[in-house]
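Visitor: The file below is input-v2.csv, CSV, C-alpha atoms and all ligand atoms:
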```
chain,number,residue,atom,x,y,z
A,1,MET,CA,0.0,0.0,0.0
A,2,ILE,CA,1.6,3.3,-1.0
A,3,SER,CA,-0.4,5.7,1.0
A,4,GLU,CA,-3.7,5.7,2.8
A,5,ASN,CA,-3.9,9.4,3.5
A,6,ILE,CA,-3.5,11.1,0.1
A,7,LYS,CA,-6.4,13.0,-1.2
A,8,THR,CA,-5.7,13.8,-4.8
A,9,ARG,CA,-6.7,17.2,-6.1
A,10,LEU,CA,-7.7,17.4,-9.7
A,11,LEU,CA,-6.1,20.1,-11.8
A,12,GLU,CA,-8.8,21.0,-14.3
A,13,GLY,CA,-8.0,23.2,-17.2
A,14,ALA,CA,-11.4,24.7,-18.1
A,15,VAL,CA,-11.5,27.8,-15.9
A,16,LEU,CA,-7.9,28.8,-16.7
A,17,ALA,CA,-8.5,28.2,-20.5
A,18,ALA,CA,-11.6,30.3,-20.4
A,19,GLN,CA,-9.7,33.1,-18.6
A,20,ILE,CA,-6.8,33.1,-21.1
A,21,LYS,CA,-9.3,33.2,-24.0
A,22,GLN,CA,-11.2,36.0,-22.3
A,23,GLU,CA,-7.9,38.0,-21.9
A,24,VAL,CA,-7.0,37.5,-25.5
A,25,GLN,CA,-10.5,38.5,-26.6
A,26,THR,CA,-10.3,41.7,-24.6
A,27,GLU,CA,-6.9,42.6,-26.1
A,28,ILE,CA,-8.1,41.9,-29.6
A,29,ALA,CA,-11.2,44.1,-29.1
A,30,ARG,CA,-8.8,46.9,-27.9
A,31,MET,CA,-6.5,46.4,-30.9
A,32,ILE,CA,-9.4,46.6,-33.3
A,33,GLU,CA,-10.7,49.8,-31.6
A,34,THR,CA,-7.3,51.5,-31.6
A,35,THR,CA,-5.8,50.4,-34.9
A,36,GLY,CA,-8.7,49.0,-36.9
A,37,TYR,CA,-6.7,45.8,-37.4
A,38,ARG,CA,-8.1,42.3,-36.6
A,39,PRO,CA,-5.4,39.6,-36.0
A,40,CYS,CA,-5.5,36.6,-38.3
A,41,LEU,CA,-4.5,32.9,-37.8
A,42,ALA,CA,-4.0,30.8,-41.0
A,43,VAL,CA,-4.2,27.0,-40.5
A,44,VAL,CA,-3.1,24.7,-43.2
A,45,ARG,CA,-4.2,21.0,-43.2
A,46,VAL,CA,-3.2,18.4,-45.7
A,47,GLY,CA,-5.0,15.1,-46.2
A,48,ASP,CA,-7.8,13.3,-44.5
A,49,ASP,CA,-6.5,12.5,-41.0
A,50,PRO,CA,-9.8,12.6,-38.9
A,51,ALA,CA,-8.0,13.7,-35.7
A,52,SER,CA,-6.3,16.6,-37.5
A,53,ALA,CA,-9.6,17.7,-38.9
A,54,VAL,CA,-11.1,17.8,-35.4
A,55,TYR,CA,-8.1,19.8,-34.0
A,56,VAL,CA,-8.2,22.3,-36.9
A,57,ARG,CA,-11.9,22.8,-36.5
A,58,GLY,CA,-11.4,23.6,-32.8
A,59,LYS,CA,-8.6,26.1,-33.6
A,60,VAL,CA,-10.7,27.9,-36.3
A,61,LYS,CA,-13.8,27.9,-34.1
A,62,THR,CA,-12.0,29.3,-31.1
A,63,SER,CA,-10.3,32.0,-33.2
A,64,GLU,CA,-13.7,33.2,-34.4
A,65,GLU,CA,-15.2,33.1,-30.9
A,66,ILE,CA,-12.6,35.4,-29.5
A,67,GLY,CA,-12.9,37.9,-32.4
A,68,MET,CA,-9.8,36.8,-34.4
A,69,ARG,CA,-9.9,36.3,-38.1
A,70,SER,CA,-9.0,32.8,-39.3
A,71,GLU,CA,-8.4,31.0,-42.5
A,72,HIS,CA,-8.5,27.2,-43.0
A,73,HIS,CA,-6.6,25.9,-46.0
A,74,ALA,CA,-7.5,22.3,-46.6
A,75,LEU,CA,-5.3,20.6,-49.2
A,76,PRO,CA,-5.8,17.1,-50.7
A,77,GLU,CA,-3.7,14.1,-49.6
A,78,SER,CA,-1.9,14.2,-53.0
A,79,THR,CA,-0.4,17.6,-52.3
A,80,THR,CA,3.4,17.7,-53.0
A,81,THR,CA,6.1,19.4,-50.8
A,82,ALA,CA,6.5,22.0,-53.6
A,83,GLU,CA,2.8,22.8,-53.7
A,84,LEU,CA,2.7,23.2,-49.9
A,85,LEU,CA,5.8,25.3,-49.9
A,86,ASP,CA,4.1,27.6,-52.4
A,87,LEU,CA,1.1,28.1,-50.1
A,88,VAL,CA,3.4,28.7,-47.1
A,89,SER,CA,5.3,31.2,-49.0
A,90,THR,CA,2.1,33.1,-50.0
A,91,LEU,CA,0.9,33.1,-46.4
A,92,ASN,CA,4.3,34.3,-45.2
A,93,GLN,CA,4.2,37.2,-47.5
A,94,ARG,CA,0.6,38.3,-46.8
A,95,ASP,CA,0.6,41.2,-44.4
A,96,ASP,CA,-2.9,40.4,-43.1
A,97,VAL,CA,-1.8,37.0,-41.8
A,98,ASP,CA,-0.2,37.0,-38.3
A,99,GLY,CA,0.0,33.4,-37.2
A,100,LEU,CA,0.6,30.5,-39.6
A,101,LEU,CA,0.5,26.8,-38.6
A,102,VAL,CA,0.7,23.7,-40.6
A,103,GLN,CA,-1.2,20.9,-38.8
A,104,LEU,CA,0.9,17.8,-38.1
A,105,PRO,CA,1.3,15.0,-39.0
A,106,LEU,CA,1.6,15.6,-42.7
A,107,PRO,CA,1.2,12.8,-45.3
A,108,LYS,CA,4.4,10.7,-45.5
A,109,ALA,CA,5.2,12.0,-49.0
A,110,ILE,CA,5.7,15.5,-47.7
A,111,ASP,CA,9.0,16.5,-46.1
A,112,GLU,CA,7.8,17.9,-42.7
A,113,ALA,CA,11.1,19.5,-41.7
A,114,THR,CA,11.3,21.5,-44.9
A,115,ILE,CA,7.8,22.8,-44.4
A,116,ILE,CA,8.4,23.8,-40.8
A,117,GLU,CA,11.6,25.6,-41.8
A,118,ALA,CA,9.8,27.5,-44.5
A,119,ILE,CA,7.4,29.1,-42.1
A,120,ASP,CA,8.3,32.8,-41.3
A,121,PRO,CA,9.6,32.6,-37.7
A,122,ALA,CA,7.7,35.8,-37.0
A,123,LYS,CA,4.4,33.9,-37.7
A,124,ASP,CA,5.5,30.6,-36.1
A,125,VAL,CA,2.7,30.4,-33.5
A,126,ASP,CA,3.3,26.7,-33.0
A,127,GLY,CA,6.9,27.3,-32.0
A,128,PHE,CA,8.2,24.5,-34.1
A,129,HIS,CA,10.6,26.4,-36.4
A,130,PRO,CA,14.3,25.8,-35.6
A,131,ILE,CA,14.7,29.5,-34.7
A,132,SER,CA,11.9,29.3,-32.1
A,133,VAL,CA,13.4,26.0,-30.8
A,134,GLY,CA,16.9,27.6,-30.6
A,135,LYS,CA,15.6,30.7,-28.8
A,136,LEU,CA,13.8,28.6,-26.3
A,137,ALA,CA,16.9,26.5,-25.7
A,138,GLN,CA,18.9,29.7,-25.1
A,139,GLY,CA,16.3,30.8,-22.5
A,140,ARG,CA,15.1,33.7,-24.8
A,141,PRO,CA,11.7,32.2,-25.9
A,142,VAL,CA,9.5,34.0,-28.4
A,143,PHE,CA,6.9,31.5,-29.5
A,144,VAL,CA,6.7,28.5,-27.2
A,145,PRO,CA,4.9,25.3,-28.3
A,146,CYS,CA,1.3,25.6,-27.0
A,147,THR,CA,0.9,22.4,-24.9
A,148,PRO,CA,4.0,22.9,-22.7
A,149,ALA,CA,3.3,26.6,-22.4
A,150,GLY,CA,-0.2,25.8,-21.2
A,151,ILE,CA,1.2,23.4,-18.6
A,152,ILE,CA,3.4,26.1,-17.2
A,153,GLU,CA,0.3,28.4,-17.0
A,154,LEU,CA,-1.6,25.6,-15.2
A,155,LEU,CA,1.2,25.1,-12.7
A,156,ASP,CA,1.4,28.8,-12.0
A,157,TYR,CA,-2.3,29.2,-11.8
A,158,ASN,CA,-2.4,26.5,-9.1
A,159,SER,CA,0.6,28.1,-7.2
A,160,ILE,CA,2.7,24.9,-7.7
A,161,GLU,CA,6.3,25.7,-7.1
A,162,ILE,CA,8.6,24.9,-10.0
A,163,ARG,CA,11.8,26.4,-8.7
A,164,GLY,CA,14.0,23.7,-7.1
A,165,ALA,CA,11.5,21.0,-7.8
A,166,ASN,CA,12.7,17.6,-9.0
A,167,ALA,CA,10.9,17.5,-12.3
A,168,CYS,CA,10.7,14.5,-14.7
A,169,VAL,CA,9.4,14.7,-18.2
A,170,VAL,CA,8.6,11.3,-19.9
A,171,GLY,CA,8.8,11.8,-23.7
A,172,ARG,CA,11.2,13.8,-25.8
A,173,SER,CA,9.1,14.8,-28.8
A,174,GLN,CA,9.7,18.2,-30.4
A,175,ILE,CA,6.1,19.1,-29.7
A,176,VAL,CA,5.8,18.3,-26.0
A,177,GLY,CA,8.7,16.6,-24.2
A,178,ARG,CA,11.7,18.7,-25.2
A,179,PRO,CA,10.1,22.1,-25.0
A,180,MET,CA,8.5,21.1,-21.7
A,181,ALA,CA,11.9,20.2,-20.2
A,182,GLN,CA,13.4,23.5,-21.5
A,183,LEU,CA,10.6,25.5,-19.8
A,184,LEU,CA,11.0,23.7,-16.5
A,185,LEU,CA,14.7,24.3,-16.6
A,186,GLN,CA,14.2,27.9,-17.4
A,187,ARG,CA,12.0,28.1,-14.2
A,188,ASP,CA,14.8,26.6,-12.1
A,189,ALA,CA,13.5,23.0,-11.8
A,190,THR,CA,16.0,20.1,-11.7
A,191,VAL,CA,14.9,18.3,-14.9
A,192,THR,CA,15.3,14.7,-15.9
A,193,ILE,CA,14.1,13.6,-19.4
A,194,CYS,CA,13.0,9.9,-19.9
A,195,HIS,CA,12.2,8.1,-23.2
A,196,SER,CA,11.8,4.6,-24.6
A,197,ARG,CA,15.4,3.7,-23.8
A,198,THR,CA,15.4,4.8,-20.2
A,199,ARG,CA,16.4,1.9,-17.9
A,200,ASP,CA,14.0,1.3,-15.0
A,201,LEU,CA,11.6,4.1,-15.8
A,202,ALA,CA,9.7,3.7,-12.5
A,203,ALA,CA,12.8,4.1,-10.4
A,204,VAL,CA,13.5,7.5,-12.2
A,205,THR,CA,9.9,8.8,-12.3
A,206,ARG,CA,9.4,7.9,-8.6
A,207,GLN,CA,12.0,10.6,-7.7
A,208,ALA,CA,9.9,13.4,-9.2
A,209,ASP,CA,7.9,16.0,-7.3
A,210,LEU,CA,6.6,17.1,-10.7
A,211,LEU,CA,6.0,14.4,-13.3
A,212,VAL,CA,4.9,15.4,-16.8
A,213,VAL,CA,4.0,12.4,-19.1
A,214,ALA,CA,3.8,12.7,-22.9
A,215,ILE,CA,4.2,9.2,-24.3
A,216,GLY,CA,1.1,8.3,-26.4
A,217,ARG,CA,0.3,5.0,-24.6
A,218,ALA,CA,-2.9,4.6,-22.8
A,219,GLY,CA,-2.5,4.4,-19.0
A,220,MET,CA,1.2,3.3,-19.1
A,221,ILE,CA,2.2,5.2,-16.0
A,222,GLY,CA,0.9,3.5,-12.9
A,223,ARG,CA,1.2,3.8,-9.1
A,224,GLU,CA,4.7,2.3,-9.1
A,225,HIS,CA,5.9,5.3,-11.2
A,226,ILE,CA,4.5,8.0,-9.0
A,227,LYS,CA,6.1,9.5,-5.8
A,228,PRO,CA,3.3,9.7,-3.2
A,229,GLY,CA,2.0,13.3,-3.2
A,230,ALA,CA,3.6,14.2,-6.5
A,231,VAL,CA,2.0,16.6,-9.1
A,232,VAL,CA,1.3,14.5,-12.2
A,233,ILE,CA,0.6,16.2,-15.5
A,234,ASP,CA,-0.9,13.9,-18.1
A,235,VAL,CA,-0.5,15.1,-21.7
A,236,GLY,CA,-1.5,11.9,-23.4
A,237,MET,CA,-4.7,11.6,-25.5
A,238,ASN,CA,-5.5,8.1,-26.4
A,239,ARG,CA,-8.8,6.5,-27.5
A,240,VAL,CA,-9.8,3.3,-25.6
A,241,SER,CA,-12.8,1.1,-26.4
A,242,ASP,CA,-12.0,-2.3,-24.9
A,243,GLU,CA,-14.2,-2.9,-21.9
A,244,ALA,CA,-11.6,-4.7,-19.8
A,245,GLU,CA,-9.1,-1.9,-20.5
A,246,VAL,CA,-11.7,0.7,-19.5
A,247,ARG,CA,-12.2,-1.1,-16.2
A,248,ARG,CA,-8.4,-1.4,-15.6
A,249,LEU,CA,-8.0,2.3,-16.2
A,250,PHE,CA,-11.0,3.9,-14.6
A,251,GLY,CA,-11.7,1.7,-11.5
A,252,ASP,CA,-14.8,3.0,-9.8
A,253,ALA,CA,-15.5,5.5,-12.6
A,254,ALA,CA,-15.5,2.8,-15.3
A,255,GLU,CA,-19.3,2.6,-15.7
A,256,LYS,CA,-19.5,6.2,-16.7
A,257,ARG,CA,-16.7,5.8,-19.2
A,258,LEU,CA,-18.3,2.6,-20.6
A,259,GLU,CA,-21.5,4.7,-21.3
A,260,VAL,CA,-19.3,7.1,-23.4
A,261,VAL,CA,-17.8,4.1,-25.3
A,262,ALA,CA,-21.3,2.8,-26.0
A,263,LYS,CA,-22.4,6.2,-27.3
A,264,ARG,CA,-19.2,7.3,-29.2
A,265,GLY,CA,-17.3,4.1,-29.8
A,266,ALA,CA,-14.4,5.1,-27.5
A,267,THR,CA,-13.4,7.2,-24.5
A,268,LEU,CA,-10.3,9.4,-24.1
A,269,VAL,CA,-7.6,8.4,-21.7
A,270,GLY,CA,-4.2,9.9,-21.0
A,271,ASP,CA,-0.8,8.2,-20.6
A,272,VAL,CA,-1.3,7.8,-16.9
A,273,ASN,CA,-3.6,5.2,-15.3
A,274,PRO,CA,-6.2,7.6,-13.7
A,275,ALA,CA,-7.5,5.1,-11.1
A,276,GLU,CA,-3.9,4.5,-9.8
A,277,ALA,CA,-2.9,8.2,-10.0
A,278,MET,CA,-5.9,9.1,-7.8
A,279,GLU,CA,-4.5,6.7,-5.2
A,280,VAL,CA,-1.0,8.2,-5.1
A,281,ALA,CA,-0.6,11.6,-6.7
A,282,GLY,CA,-1.1,14.8,-4.7
A,283,MET,CA,-2.5,16.6,-7.8
A,284,PHE,CA,-3.4,15.1,-11.2
A,285,THR,CA,-4.7,16.5,-14.5
A,286,PRO,CA,-7.8,14.7,-15.8
A,287,VAL,CA,-8.2,13.5,-19.4
A,288,PRO,CA,-10.2,15.0,-20.9
A,289,GLY,CA,-10.6,18.3,-19.1
A,290,GLY,CA,-7.0,19.0,-18.2
A,291,VAL,CA,-4.0,20.0,-20.3
A,292,GLY,CA,-5.8,19.6,-23.7
A,293,LEU,CA,-8.1,22.5,-23.0
A,294,LEU,CA,-5.1,24.9,-22.6
A,295,THR,CA,-3.4,24.1,-25.9
A,296,VAL,CA,-5.8,26.0,-28.1
A,297,ALA,CA,-6.0,28.9,-25.5
A,298,MET,CA,-2.2,29.2,-25.7
A,299,LEU,CA,-2.4,29.2,-29.5
A,300,MET,CA,-4.7,32.2,-29.4
A,301,LYS,CA,-2.3,33.9,-27.0
A,302,ASN,CA,0.7,33.2,-29.4
A,303,THR,CA,-1.3,34.6,-32.4
A,304,LEU,CA,-2.1,37.8,-30.6
A,305,LYS,CA,1.6,38.1,-29.6
A,306,ALA,CA,2.6,37.6,-33.2
A,307,ALA,CA,0.2,40.4,-34.3
A,308,LYS,CA,1.6,42.7,-31.6
A,309,LEU,CA,5.2,41.9,-32.5
A,310,ARG,CA,4.4,42.6,-36.2
A,311,GLN,CA,3.2,46.0,-34.9
A,312,HIS,CA,-0.4,46.1,-35.9
A,401,LIG,P1,5.6,11.2,-29.8
A,401,LIG,O1,6.2,12.2,-30.7
A,401,LIG,O2,5.2,9.9,-30.3
A,401,LIG,O3,6.7,11.0,-28.6
A,401,LIG,C1,6.5,10.0,-27.6
A,401,LIG,C2,7.6,10.0,-26.7
A,401,LIG,O4,7.4,8.9,-25.7
A,401,LIG,C3,9.0,9.6,-27.3
A,401,LIG,O5,10.0,10.5,-26.9
A,401,LIG,C4,9.2,8.2,-26.9
A,401,LIG,O6,10.6,7.9,-26.7
A,401,LIG,C5,8.5,8.1,-25.6
A,401,LIG,N1,8.1,6.8,-25.2
A,401,LIG,C6,7.5,5.9,-26.0
A,401,LIG,N2,7.3,4.7,-25.4
A,401,LIG,C7,7.9,4.8,-24.2
A,401,LIG,C8,8.1,4.0,-23.1
A,401,LIG,N3,7.7,2.7,-23.1
A,401,LIG,N4,8.8,4.5,-22.0
A,401,LIG,C9,9.2,5.7,-22.0
A,401,LIG,N5,9.1,6.6,-23.0
A,401,LIG,C10,8.4,6.2,-24.1
A,401,LIG,O7,4.4,11.8,-29.0
A,401,LIG,P2,3.9,13.3,-28.6
A,401,LIG,O8,3.6,14.1,-29.9
A,401,LIG,O9,4.9,13.9,-27.6
A,401,LIG,O10,2.6,13.0,-27.8
A,401,LIG,C11,2.5,12.3,-26.6
A,401,LIG,C12,1.1,12.2,-26.2
A,401,LIG,O11,0.5,13.5,-25.9
A,401,LIG,C13,0.1,11.6,-27.2
A,401,LIG,O12,-0.9,10.8,-26.6
A,401,LIG,C14,-0.5,12.8,-27.9
A,401,LIG,O13,-1.8,12.5,-28.4
A,401,LIG,C15,-0.6,13.7,-26.7
A,401,LIG,N6,-0.7,15.2,-27.0
A,401,LIG,C16,-1.6,15.9,-26.4
A,401,LIG,C17,-1.7,17.3,-26.7
A,401,LIG,C18,-2.7,18.1,-26.0
A,401,LIG,O14,-3.0,19.1,-26.4
A,401,LIG,N7,-3.2,17.6,-24.9
A,401,LIG,C19,-0.8,17.9,-27.5
A,401,LIG,C20,0.2,17.1,-28.1
A,401,LIG,C21,0.3,15.7,-27.9
A,401,LIG,P3,11.6,7.8,-28.0
A,401,LIG,O15,12.0,9.2,-28.2
A,401,LIG,O16,12.8,7.0,-27.4
A,401,LIG,O17,10.9,7.1,-29.1
```
Would you give me this structure, written as structure tokens?
Guide:
Amino acid sequence: MISENIKTRLLEGAVLAAQIKQEVQTEIARMIETTGYRPCLAVVRVGDDPASAVYVRGKVKTSEEIGMRSEHHALPESTTTAELLDLVSTLNQRDDVDGLLVQLPLPKAIDEATIIEAIDPAKDVDGFHPISVGKLAQGRPVFVPCTPAGIIELLDYNSIEIRGANACVVGRSQIVGRPMAQLLLQRDATVTICHSRTRDLAAVTRQADLLVVAIGRAGMIGREHIKPGAVVIDVGMNRVSDEAEVRRLFGDAAEKRLEVVAKRGATLVGDVNPAEAMEVAGMFTPVPGGVGLLTVAMLMKNTLKAAKLRQH
């Protein structure tokens, strides 16, 4: 038995995400009033990946809700690297576009790195361009990738001390793990990065006061990985439909999730086993309802920043 006394607090993202969007909305209204200019986010999507279509719809819808202009460029699966480069170049040159993002993953035939490098760093609101990555590594961030930036906001909002904390990030992707580790380091945490080649993962993660998990495997992190009382941030977004798996992951809350599976075919789960995290962690982000909600809010914040830096 790891602990009998821990009462886990859920770190929900909804209130903070709404607050960030409200702040951006207010600033956009002020910008329009004083300069007559409305910031614009251009989103490019290639192919038919259903998850990407959902994410892009969410980004476009949120832009419009907060008074930003948005453009959705949907290109067919057969698009070539050269054709996509042409569109990126046009959007780079257009003065009425402030933020430009190309939704990943791209179809295999397109060279992703070439496309990311073609985006004007002044419009790189995803923060994936090598210049953005380099500036973040130097501790001079301009555009920070939205998911890790949202996690820092969530930690601050909940007055969780980062300075001096033993932080562990599981996952080293360009989108989440690496920038997350950089941001925590910048805020004076002692940072360990784990990945698929880490020996005895649980022994490493169990040292962490602050554990951020971005792996992409449903419920992989269990009670043996978590230090009692730790803050656990679950970035994972996985779809689960198997009944036994739902029961393993959700414990007492399984019936409710099985209703979701019956209705929608699957339920969302993170990379952390939520039933086990609720036994051990001091604080834990739910999936859905945690980190995911902040990602789009931070994209809006980055786009407003781009518009301001471009001096509209
Ligand atoms: P990714 O690019 O696939 O990277 C996964 C990372 O996990 C890699 O660094 C990999 O190590 C590591 N890993 C894989 N198996 C492991 C294991 N058994 N033990 C330890 N580490 C392991 O994934 P990602 O883009 O970072 O996304 C991670 C998750 O976050 C996914 O579920 C994704 O859907 C979700 N996500 C959510 C949001 C949001 O807004 N909430 C945003 C982005 C991503 P190697 O480097 O050694 O291969």
Visitor: Step by step, gather every atom of stretch 56-67 of chain A that the file lists, find the box along x, y and z that holds them, add 6 Å on each side, and finally give centre and edge lengths in Å to one decimal, as lines of an AutoDock Vina configuration file.
Guide:
```
center_x = -11.7
center_y = 30.1
center_z = -33.2
size_x = 19.0
size_y = 27.6
size_z = 19.4
```
Visitor: Distance limit 6 Å, reference ligand LIG 401 (chain A), atoms considered: all atoms listed in the file. Which residues make the cut? Give them as a PDB file with C-alpha atoms, keeping the file's coordinate frame.
Guide:
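Result saved to selection-v3.pdb:
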```pdb
ATOM      1  CA  THR A 147       0.900  22.400 -24.900  1.00  0.00           C
ATOM      2  CA  VAL A 170       8.600  11.300 -19.900  1.00  0.00           C
ATOM      3  CA  GLY A 171       8.800  11.800 -23.700  1.00  0.00           C
ATOM      4  CA  ARG A 172      11.200  13.800 -25.800  1.00  0.00           C
ATOM      5  CA  SER A 173       9.100  14.800 -28.800  1.00  0.00           C
ATOM      6  CA  ILE A 175       6.100  19.100 -29.700  1.00  0.00           C
ATOM      7  CA  VAL A 176       5.800  18.300 -26.000  1.00  0.00           C
ATOM      8  CA  GLY A 177       8.700  16.600 -24.200  1.00  0.00           C
ATOM      9  CA  CYS A 194      13.000   9.900 -19.900  1.00  0.00           C
ATOM     10  CA  HIS A 195      12.200   8.100 -23.200  1.00  0.00           C
ATOM     11  CA  SER A 196      11.800   4.600 -24.600  1.00  0.00           C
ATOM     12  CA  ARG A 197      15.400   3.700 -23.800  1.00  0.00           C
ATOM     13  CA  ALA A 214       3.800  12.700 -22.900  1.00  0.00           C
ATOM     14  CA  ILE A 215       4.200   9.200 -24.300  1.00  0.00           C
ATOM     15  CA  GLY A 216       1.100   8.300 -26.400  1.00  0.00           C
ATOM     16  CA  VAL A 235      -0.500  15.100 -21.700  1.00  0.00           C
ATOM     17  CA  GLY A 236      -1.500  11.900 -23.400  1.00  0.00           C
ATOM     18  CA  MET A 237      -4.700  11.600 -25.500  1.00  0.00           C
ATOM     19  CA  ASN A 238      -5.500   8.100 -26.400  1.00  0.00           C
ATOM     20  CA  VAL A 291      -4.000  20.000 -20.300  1.00  0.00           C
ATOM     21  CA  GLY A 292      -5.800  19.600 -23.700  1.00  0.00           C
ATOM     22  CA  THR A 295      -3.400  24.100 -25.900  1.00  0.00           C
TER      23      THR A 295
END
```
Visitor: Quick check, in Å to one decimal: how far apart do atom CA of A:Gln207 and atom CA of A:Glu224 lie?
Guide: 11.1 Å
Visitor: Atom CA of A:Ala307 and atom CA of A:Arg38, how far apart in Å?
Guide: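 Interatomic distance here is 8.8 Å.
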Visitor: What are the closest atom pairs, with distances in Å to one decimal, for all residues of stretch 121-234 of chain A lying within 10 Å of stretch 247-258 of chain A? Consider only C-alpha atoms, order rows by chain and residue number, and present the result as a Markdown table.
Guide:
```
| residue | atom | partner | partner_atom | distance |
| --- | --- | --- | --- | --- |
| A:Ala218 | CA | A:Leu249 | CA | 8.7 |
| A:Gly219 | CA | A:Leu249 | CA | 6.5 |
| A:Met220 | CA | A:Leu249 | CA | 9.7 |
| A:Gly222 | CA | A:Leu249 | CA | 9.6 |
```
Visitor: Between atom CA of A:Val272 and atom CA of A:Phe284, what is the distance in Å, rounded to a tenth?
Guide: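 Going from atom CA of A:Val272 over to atom CA of A:Phe284, I get 9.5 Å.
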